[in-house]
Amino acid sequence: MQQRMKTVSVLLTVCLNIGVDPPDVIKTNPCARLECWIDPLAQPPQKALDQIGKSLQLQYERWQPRARYKLCLDPDVDGVKKMCVSLRRNAKDERILFHYNGHGVPRPTNNGEIWVFNKNYTQYIPLSLYELQVWLGSPSIYVFDCSAAGLVINWFNKFAEQREAEAEAASKKLQEQGQPPVKISKEHILMGACGVNEVLPTSPDLPSDVFTACLTTPIKIALKWFCTQTIVSGISSDLIDKIPGRPNDRRTPMGELNWIFTAITDTIAWNVLPQKLFQKLFREDLLVASLFRNYLLAERIMRSCKCTPVSYPRLPPTYNHPMWHVWDLAADHCLSQLNDLIENSGYEYKHSTFFTEQLTAFEVWLEFGTETKKPPEQLPIVLQVLLSQQHRQRALELLAKFLDLGPWAVNQALSVGIFPYVLKLLQSPAAELREVLVFIWAKILALDKSCQFDLVKDKGQLYFVNILADPNVPSNQRQQVAFILSIICNNCRPGQSACLDSKLLQIGLANLNHPDPNLRRWIILCLAKFWENYEEGKREAIQEKAHVQLCGLLTDPSPEVRAATVYALGTFINRAPDTSALEQRTIIDLNLGLTLAVVINDASHLVRKELVVTLGMLIATYEERFKQVEMKWIKSQQMKYPSTFTGRPPSFKEDSRATRETRDTRDTRDTRDTRDRDTSEDETDEKTQDDSIYEYLWKLLSSLSTDPYPLFVQMAKRVTSRIKTEVRNEVSKLNGSQDSKAEDLASPSRSRRARLGFLRLSSAPNTITVDPTPPSSSRSSVEEVRSTLYEWNCRKFAKPMLFSPEDDKTDPEFCEREWQFRRNIEVIKEAERLREPKYSLSPLDHEIALLENNTQMISTLCLHPFEDILLVSDEHDGINVWDWNAGTKLNNIHNQNPIGSRITSLSLLNEHDSPLVSAGSDDGVVRIWAHCDDPAKTRLVTAWRVLGELAPVRGYLPGLVLEWQNKKGYLMASGNSDVLKLWDINKELVIQDIPTESPLIPVTALTSNVEGNGCLFISGAADGAIRMFDRRSNKYSMIGELWEHKGWIINLSLPVTLPNQLISGAGTGDVKIWDLRHTKSSLKTITATPNMSAFCVHTHAPVFAVGSADQRIRVMKFDGTEVNLIRYHDGFLGQRIGPVSALQFHPYKMMLGAGSTDSIISLHEASPHPGSV
């Protein structure tokens, strides 16, 4: 972020006493004479002293021109004290620099003193460093250019520790007296020219103040020293002073050298220093950063003169860093052209290739660099290149690639100081920089959101708003811009206000219907952050009817867009208590609440979660009205059951009944459960329109307490339970009921469940525990169910976007997935050979596995197409995962369907990659599980209600019947319902409700032409009817009906081996083959077995299998010939198989899985050698 200048005052103390040498100094002849590049003996002493002081000030002003400078030339103690006290008084809490030149006084004493003069310059007067600290205060920086400067720094630190100890002792006494403690800042930085026992260099080739020259005129002293260390023909010391250009003009030789020097010293410091120390010395203060860059040069030059500069904080040695050789090369490149530049006015200077070469080195690092490797040492140089228009585009592109490596790379770039560079570039009108700048800012803000304030301060939001408003900008860039603007507005009132003035709202609304769903999503999230907790923004949104436009997106094809829309409406509803125009806002909020009922049955768990949060905000905003709704219901129950109702808090059973009564929000046809409650309420009070709205919204949220996803149950309970508790406590007080009496009257189920509490997920998987402590306030309830949608969406920008790790062909995971894919292709090709007679006619007489499932009955089976995995469901909610080859159970999953329901459909999804398990139960819910073969990783991915609650019809309950089309992304669902629901899984929406044409007859089987275009769906019913539907027909109406079976249809199949033909099996034992092009009658009828209980058809081989309750399995060809009969398990005393309850062929192998009512599972395949019948 932007760095603030902190050094505001500079005190330059020069003790030379020109013409008089200190008694402890013995000078050689010749020796160093220059002070600030001025010969003090070339003119009268006083005039020379004045010129030296002014020159020193000019040298410092090169690095900090806006500071307040004071000269203290050959001072006495009182003069130094007055200057120090005055500067600290004016500087307040800002930093002061104290520069001490002690070339004309003795070395510092062993008592912690430096020397100045008396007023008559007849004596050297000691100046205590302790007193200097007191006068100058802190923060401060000290530069001691004198012999034995290391001794000064040691004593300075000792005195600083002493003052700190004294301050702590004084603070304790003041605290005992009840007074505020004394505060002493320990912020001081020290630089010394040499060590404790060292004297300053006296070489005539260098100035006398070589340390000061390094700190203030680094390029000049570096080139002069370079000439003394190497052989450069034709270059004299005087010629170096004639190098053309200015240090701040990078197009000139002097400016280029200064630019390269800055980049090299920054690089050395960043690669050597700890990150915190680098930030403190090189990024917090402009003057301090310049001095420490130059200090690195001073260490190199002073060490060549047998001196070791010292500092506090102490720096590691840098004089021998390899980058100094790069500097020598740049200096040699410049000096080699110096004669031509001076003698030939038309000579064109050949610029250094330093930055081009460093960018190339950085590019090479990017090809192989990772987080585990050493960061690129060229990163500070890349930032310096951003100052050059010539290399800026390439530098930005490389920087973007670096930031895309992950948050660690962004953190590295921020630590080196990227922020002020890219912030300044937002002022550039260059269109070619737009794409890469947007990307870089998205990466920065994804990690460090605190940058928003600096962006707003520099009006950076205008740059991004203009890009968002440009329809010619690609949608992916505008998506990143919308993310950036959302960060600017996120919990940042100045950012929201700035975006309001920038017309962000109007621009965002104009793009709500953009074809790109990702752009729509981020514009909605941006608008949500724009008006979140910002009433001025909400008033502007109401005028623009933003909430009305958002409601139209509640049915958007993209589930992420729908979730973002619900989230945005939630932030819109959550208003401040003192909002103006309350009546208008109330009407808008209630209408929005009613509109949100559209997504109550949404398949996306993202949408339903946001619905719980949004309704929770609505209830918290109008809490008193919802308390009245709950109170009215309690009174109606008191009138209805006066002898039993106690006004106690509701039991789990009562709560479940209350939520069941609200199921009319899920399906308008299911109103039976609410009839009694509605009647009682009508008898007690005539509803007003407002009361009906609040009651409807209360029912809407209560219905979510029976959501199939456990987390949403927990969230809905947290929102509603506090209000219910408070209302029931009030009723208890009014009725005089005691808690003990209420406990005695509690239902038996209440002892098994939580009497009152809030459901929360425990650490154990698939387990729910109870938190008995209710929230203390409505706002705390809302916070407990706060949305995480925005943070979840923001994580995308913290991940690699230019290069996906999944595309890394050297990654072991990629190689494994590639191998699996190739293996799967080979398995599928091998399956095509099953159509040959020698394979299809081989009897399945080899039992390869016999498994005990430890349950009463096997409900469904599912074989993994490519792994030795078998999925088995029981008659309740259990799913067992077996390795059938090893005969071991890998996992046991509790599907979480309600007690009394069972799993009736089990399927594998995404078999080629990371398989998911789909479990459909007869409560109308589909649950998707991931990592089912690993108990430690198993998790519920999502769950939703694909059908309304199913109920038995004429005593028969087939449950939920599903047909998945993985390639097309469709799901057909039916059962005890008068409709077949077609779901688009990619959109997570119902496409169409297709009437079954027989409302009282349940659907028992579904199939589709998965291998074809996937448009044909076929259903089998309990009355034996087979009906055909085509997605391409108008309104998905029925296109054909087959009537020959006399019993309920067990299963249907459209095998690949019989094009345009259907195989059906009924409970009466007959199997029929149909030609779908001629539906008047079946092509063949095969009497397979009486009392058929299971039926399946192989996908590739022309065989089918039937199982019956009389403990036999028949495998038959399509022409009716029996392949083999299975009645016994293998072995000498083979046990008779149990009544067959489930059959399933392997999709690509001649293998049959069979489950029975005695919980035994057997797998059968053909013998290893080919056989024939």
# chains A, B, ... in the order shown; residues from 1 in each chain; ligands from 1
>>> residues_around(residues="A:Lys92", least_positions_apart="5", cutoff="10 Å", atoms="only C-alpha atoms", output="list in words")
Val8, Leu87, Gly137, Ser138 and Pro139 of chain A
>>> atom_distance(atom1="atom CA of A:Ala1021", atom2="atom CA of A:Ile1063")
14.4 Å
>>> select_by_dssp(residues="stretch 163-299 of chain A", states="helix (DSSP H, G or I)", output="PyMOL selection string")
chain A and resi 163-176+210-216+218-229+237-240+253-272+275-282+286-299
>>> residues_around(residues="A:Gln992", least_positions_apart="4", cutoff="10 Å", atoms="only C-alpha atoms", output="PyMOL selection string")
chain A and resi 972+979-984+1031+1035-1036
>>> residues_around(residues="A:Lys280", least_positions_apart="4", cutoff="12 Å", atoms="only C-alpha atoms", output="list in words")
Gln3, Lys6, Glu187, His188, Ile189, Ala269, Trp270, Leu273, Pro274, Gln275, Lys276, Glu284, Asp285, Leu286, Leu287, Val288, Ala289, Phe292, Tyr312, Pro313, Ser415, Val416 and Gly417 of chain A
>>> residues_around(residues="A:Thr1068", least_positions_apart="3", cutoff="10 Å", atoms="only C-alpha atoms", output="count of residues only")
16
>>> residues_around(residues="stretch 622-633 of chain A", least_positions_apart="2", cutoff="8 Å", atoms="only C-alpha atoms", output="PyMOL selection string")
chain A and resi 618-620+635-637+677+681+691+694-695+698+723-724+727-728+778
>>> write_last_selection(atoms="N, CA, C and O atoms", output="PDB file, in the first residue's frame")
ATOM      1  N   LEU A 618     -34.956 -11.321   7.430  1.00  0.00           N
ATOM      2  CA  LEU A 618     -36.301 -10.750   7.379  1.00  0.00           C
ATOM      3  C   LEU A 618     -37.006 -10.915   8.725  1.00  0.00           C
ATOM      4  O   LEU A 618     -37.655  -9.988   9.214  1.00  0.00           O
ATOM      5  N   ILE A 619     -36.871 -12.075   9.322  1.00  0.00           N
ATOM      6  CA  ILE A 619     -37.508 -12.313  10.619  1.00  0.00           C
ATOM      7  C   ILE A 619     -36.866 -11.456  11.698  1.00  0.00           C
ATOM      8  O   ILE A 619     -37.555 -10.922  12.576  1.00  0.00           O
ATOM      9  N   ALA A 620     -35.543 -11.280  11.652  1.00  0.00           N
ATOM     10  CA  ALA A 620     -34.882 -10.428  12.642  1.00  0.00           C
ATOM     11  C   ALA A 620     -35.301  -8.970  12.497  1.00  0.00           C
ATOM     12  O   ALA A 620     -35.390  -8.236  13.484  1.00  0.00           O
ATOM     13  N   LYS A 635     -52.201 -19.794  20.850  1.00  0.00           N
ATOM     14  CA  LYS A 635     -53.555 -19.584  21.363  1.00  0.00           C
ATOM     15  C   LYS A 635     -54.561 -20.499  20.682  1.00  0.00           C
ATOM     16  O   LYS A 635     -55.491 -21.015  21.308  1.00  0.00           O
ATOM     17  N   SER A 636     -54.366 -20.706  19.382  1.00  0.00           N
ATOM     18  CA  SER A 636     -55.280 -21.612  18.678  1.00  0.00           C
ATOM     19  C   SER A 636     -55.146 -23.031  19.200  1.00  0.00           C
ATOM     20  O   SER A 636     -56.135 -23.764  19.304  1.00  0.00           O
ATOM     21  N   GLN A 637     -53.910 -23.446  19.553  1.00  0.00           N
ATOM     22  CA  GLN A 637     -53.730 -24.776  20.122  1.00  0.00           C
ATOM     23  C   GLN A 637     -54.312 -24.874  21.516  1.00  0.00           C
ATOM     24  O   GLN A 637     -54.815 -25.926  21.922  1.00  0.00           O
ATOM     25  N   ARG A 677     -54.876 -26.742  11.423  1.00  0.00           N
ATOM     26  CA  ARG A 677     -54.300 -25.524  11.987  1.00  0.00           C
ATOM     27  C   ARG A 677     -54.943 -24.285  11.395  1.00  0.00           C
ATOM     28  O   ARG A 677     -55.274 -23.343  12.106  1.00  0.00           O
ATOM     29  N   GLU A 681     -57.172 -21.376  13.397  1.00  0.00           N
ATOM     30  CA  GLU A 681     -56.818 -19.970  13.365  1.00  0.00           C
ATOM     31  C   GLU A 681     -57.970 -19.126  12.825  1.00  0.00           C
ATOM     32  O   GLU A 681     -58.194 -18.007  13.274  1.00  0.00           O
ATOM     33  N   ASP A 691     -51.158 -10.056   8.339  1.00  0.00           N
ATOM     34  CA  ASP A 691     -50.963 -11.238   9.169  1.00  0.00           C
ATOM     35  C   ASP A 691     -50.746 -12.473   8.314  1.00  0.00           C
ATOM     36  O   ASP A 691     -49.916 -13.333   8.636  1.00  0.00           O
ATOM     37  N   TYR A 694     -47.078 -12.459   7.038  1.00  0.00           N
ATOM     38  CA  TYR A 694     -46.106 -12.850   8.060  1.00  0.00           C
ATOM     39  C   TYR A 694     -46.226 -14.337   8.387  1.00  0.00           C
ATOM     40  O   TYR A 694     -45.224 -15.024   8.593  1.00  0.00           O
ATOM     41  N   GLU A 695     -47.469 -14.823   8.446  1.00  0.00           N
ATOM     42  CA  GLU A 695     -47.658 -16.240   8.742  1.00  0.00           C
ATOM     43  C   GLU A 695     -47.090 -17.105   7.609  1.00  0.00           C
ATOM     44  O   GLU A 695     -46.462 -18.138   7.855  1.00  0.00           O
ATOM     45  N   TRP A 698     -43.373 -17.173   7.900  1.00  0.00           N
ATOM     46  CA  TRP A 698     -42.980 -18.013   9.037  1.00  0.00           C
ATOM     47  C   TRP A 698     -43.057 -19.498   8.659  1.00  0.00           C
ATOM     48  O   TRP A 698     -42.177 -20.291   8.990  1.00  0.00           O
ATOM     49  N   ILE A 723     -37.258 -17.250  18.896  1.00  0.00           N
ATOM     50  CA  ILE A 723     -38.574 -16.604  18.937  1.00  0.00           C
ATOM     51  C   ILE A 723     -39.598 -17.537  19.568  1.00  0.00           C
ATOM     52  O   ILE A 723     -40.418 -17.120  20.403  1.00  0.00           O
ATOM     53  N   LYS A 724     -39.569 -18.806  19.202  1.00  0.00           N
ATOM     54  CA  LYS A 724     -40.504 -19.766  19.790  1.00  0.00           C
ATOM     55  C   LYS A 724     -40.306 -19.862  21.299  1.00  0.00           C
ATOM     56  O   LYS A 724     -41.273 -19.923  22.062  1.00  0.00           O
ATOM     57  N   VAL A 727     -41.716 -16.653  23.068  1.00  0.00           N
ATOM     58  CA  VAL A 727     -43.182 -16.625  23.053  1.00  0.00           C
ATOM     59  C   VAL A 727     -43.751 -17.650  24.016  1.00  0.00           C
ATOM     60  O   VAL A 727     -44.681 -17.364  24.784  1.00  0.00           O
ATOM     61  N   ARG A 728     -43.208 -18.850  24.014  1.00  0.00           N
ATOM     62  CA  ARG A 728     -43.733 -19.888  24.899  1.00  0.00           C
ATOM     63  C   ARG A 728     -43.451 -19.581  26.355  1.00  0.00           C
ATOM     64  O   ARG A 728     -44.226 -19.942  27.241  1.00  0.00           O
ATOM     65  N   SER A 778     -31.807 -11.269  18.519  1.00  0.00           N
ATOM     66  CA  SER A 778     -32.112 -11.598  17.129  1.00  0.00           C
ATOM     67  C   SER A 778     -30.898 -11.397  16.250  1.00  0.00           C
ATOM     68  O   SER A 778     -30.656 -12.156  15.329  1.00  0.00           O
TER      69      SER A 778
END
>>> residues_around(residues="A:Lys424", least_positions_apart="4", cutoff="12 Å", atoms="only C-alpha atoms", output="count of residues only")
16
>>> atom_distance(atom1="atom CA of A:Ala1025", atom2="atom CA of A:Trp1043")
5.3 Å
